[in-house]
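I have placed the structure first, in the form of structure tokens, so that the comments after it can refer back to it.
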Amino acid sequence: MIKREKQMQAAREQEEKVGAERAKLLQRFLAPDALSYLSELKTSNQGVGRQVEEVILYLIVYRGYRQLMSQLDVRYIERQVKGEETKIRIQRDGETSDFGAYVKEAIKKGSED
């Protein structure tokens, strides 16, 4: 019984050590606004927030990514994790449309000429 308690204590200490190292890496490679966005994401949507954090740490640890990540980078990773497409909206003559549709229409008109 004492042996099991010691094992559980060692596992807790290891988990705390890993958690502190992860936090240190995130603080080092995320801009302050990106770090706050990630923490808000983890509180509002835990599953997605955890996956985004894992992707960021994977890039840092295993891929050697050494640049400071902005909030835009974190939001891009979030969209990739959620499977959302990035869309650029164009507002013209009071009408909002998707940029991709706008480009397709321009290509179609260009090929008809």
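The way I read the labels, and the way they are meant: chains A, B, ... in the order of the structure tokens, residue 1 as the first residue of every chain, and ligand 1 as the first ligand shown, with later ones counted on from there.
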(request) Fewer than 4 positions away in the same chain doesn't count, so skip those; otherwise give me all residues within 10 Å of A:Glu78, counting only C-alpha atoms, as a list in words. (result) Leu38, Leu41, Val48, Gly49, Gln51, Val52, Glu53, Val55, Leu72, Asp73, Val74, Lys82, Gly83 and Glu84 of chain A
For the residues in the current selection, export N, CA, C and O atoms as a JSON list (two decimals), in the first residue's frame.
[["chain", "number", "residue", "atom", "x", "y", "z"],
["A", 38, "LEU", "N", -5.23, 31.43, -26.48],
["A", 38, "LEU", "CA", -5.20, 29.99, -26.26],
["A", 38, "LEU", "C", -5.81, 29.63, -24.90],
["A", 38, "LEU", "O", -6.56, 28.67, -24.80],
["A", 41, "LEU", "N", -9.49, 29.90, -25.21],
["A", 41, "LEU", "CA", -9.99, 28.79, -26.01],
["A", 41, "LEU", "C", -10.06, 27.52, -25.17],
["A", 41, "LEU", "O", -11.02, 26.75, -25.27],
["A", 48, "VAL", "N", -10.95, 21.31, -28.15],
["A", 48, "VAL", "CA", -10.26, 22.01, -29.23],
["A", 48, "VAL", "C", -9.03, 22.72, -28.69],
["A", 48, "VAL", "O", -7.96, 22.69, -29.29],
["A", 49, "GLY", "N", -9.17, 23.36, -27.53],
["A", 49, "GLY", "CA", -8.04, 24.06, -26.92],
["A", 49, "GLY", "C", -6.87, 23.14, -26.64],
["A", 49, "GLY", "O", -5.71, 23.48, -26.89],
["A", 51, "GLN", "N", -6.25, 20.28, -28.20],
["A", 51, "GLN", "CA", -5.67, 19.86, -29.48],
["A", 51, "GLN", "C", -4.79, 20.94, -30.08],
["A", 51, "GLN", "O", -3.72, 20.65, -30.61],
["A", 52, "VAL", "N", -5.23, 22.19, -30.00],
["A", 52, "VAL", "CA", -4.44, 23.31, -30.53],
["A", 52, "VAL", "C", -3.12, 23.40, -29.78],
["A", 52, "VAL", "O", -2.05, 23.55, -30.38],
["A", 53, "GLU", "N", -3.18, 23.26, -28.46],
["A", 53, "GLU", "CA", -1.96, 23.29, -27.65],
["A", 53, "GLU", "C", -1.02, 22.16, -28.04],
["A", 53, "GLU", "O", 0.19, 22.36, -28.15],
["A", 55, "VAL", "N", -0.78, 20.67, -30.95],
["A", 55, "VAL", "CA", -0.21, 20.96, -32.26],
["A", 55, "VAL", "C", 0.93, 21.96, -32.12],
["A", 55, "VAL", "O", 2.01, 21.80, -32.70],
["A", 72, "LEU", "N", -2.98, 35.21, -34.70],
["A", 72, "LEU", "CA", -3.46, 34.76, -36.00],
["A", 72, "LEU", "C", -3.02, 33.32, -36.28],
["A", 72, "LEU", "O", -3.80, 32.51, -36.80],
["A", 73, "ASP", "N", -1.78, 32.99, -35.91],
["A", 73, "ASP", "CA", -1.29, 31.62, -36.08],
["A", 73, "ASP", "C", -2.11, 30.63, -35.25],
["A", 73, "ASP", "O", -2.47, 29.56, -35.72],
["A", 74, "VAL", "N", -2.39, 31.02, -34.01],
["A", 74, "VAL", "CA", -3.18, 30.15, -33.12],
["A", 74, "VAL", "C", -4.60, 29.98, -33.67],
["A", 74, "VAL", "O", -5.14, 28.88, -33.68],
["A", 82, "LYS", "N", -10.65, 22.36, -36.09],
["A", 82, "LYS", "CA", -12.10, 22.28, -36.20],
["A", 82, "LYS", "C", -12.56, 21.83, -37.58],
["A", 82, "LYS", "O", -13.70, 21.45, -37.77],
["A", 83, "GLY", "N", -11.67, 21.92, -38.58],
["A", 83, "GLY", "CA", -12.03, 21.54, -39.93],
["A", 83, "GLY", "C", -12.76, 22.64, -40.67],
["A", 83, "GLY", "O", -13.45, 22.38, -41.66],
["A", 84, "GLU", "N", -12.63, 23.88, -40.21],
["A", 84, "GLU", "CA", -13.29, 25.01, -40.87],
["A", 84, "GLU", "C", -12.41, 25.52, -42.00],
["A", 84, "GLU", "O", -11.20, 25.56, -41.88]]
(request) Write down as a list in words the residues belonging to stretch 8-108 of chain A that are assigned strand (DSSP E) by DSSP computed on the backbone. (result)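 Matching residues, listed in order: Arg89, Ile90, Gln91, Arg92, Glu95, Thr96, Ser97 and Asp98 of chain A.
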Residues from the last selection, N, CA, C and O atoms, saved as a compact mmCIF listing (two decimals), in the first residue's frame:
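File out_1.txt, as written:
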# COMPACT_ATOMS: atom_id res chain seq x y z
N ARG A 89 -13.98 37.46 -46.98
CA ARG A 89 -15.23 38.11 -47.39
C ARG A 89 -14.92 39.45 -48.05
O ARG A 89 -14.08 40.20 -47.60
N ILE A 90 -15.63 39.73 -49.12
CA ILE A 90 -15.49 40.98 -49.87
C ILE A 90 -16.81 41.75 -49.74
O ILE A 90 -17.87 41.18 -49.99
N GLN A 91 -16.73 43.01 -49.36
CA GLN A 91 -17.93 43.83 -49.32
C GLN A 91 -17.84 44.85 -50.44
O GLN A 91 -16.91 45.65 -50.50
N ARG A 92 -18.80 44.76 -51.34
CA ARG A 92 -18.80 45.62 -52.52
C ARG A 92 -20.23 46.02 -52.84
O ARG A 92 -21.11 45.16 -52.94
N GLU A 95 -22.96 44.68 -50.71
CA GLU A 95 -23.19 43.23 -50.77
C GLU A 95 -21.92 42.51 -50.32
O GLU A 95 -20.82 42.85 -50.76
N THR A 96 -22.07 41.56 -49.44
CA THR A 96 -20.93 40.79 -48.96
C THR A 96 -20.91 39.44 -49.66
O THR A 96 -21.92 38.75 -49.74
N SER A 97 -19.73 39.09 -50.21
CA SER A 97 -19.61 37.80 -50.89
C SER A 97 -18.27 37.15 -50.53
O SER A 97 -17.37 37.80 -50.02
N ASP A 98 -18.18 35.88 -50.82
CA ASP A 98 -16.97 35.11 -50.56
C ASP A 98 -15.93 35.43 -51.64
O ASP A 98 -16.26 35.46 -52.83
(request) Report the residues of stretch 22-98 of chain A whose backbone DSSP state falls under helix (DSSP H, G or I), written as a VMD selection string. (result) chain A and resid 22 to 29 32 to 44 46 to 61 71 to 82
(request) Find the residues near stretch 19-34 of chain A: any atom within 6 Å, counting only C-alpha atoms, skip ones fewer than 3 places away on the same chain, and give them as a list of chain:residue names. (result) A:Glu16, A:Tyr37, A:Leu68, A:Met69, A:Ser70, A:Gln71
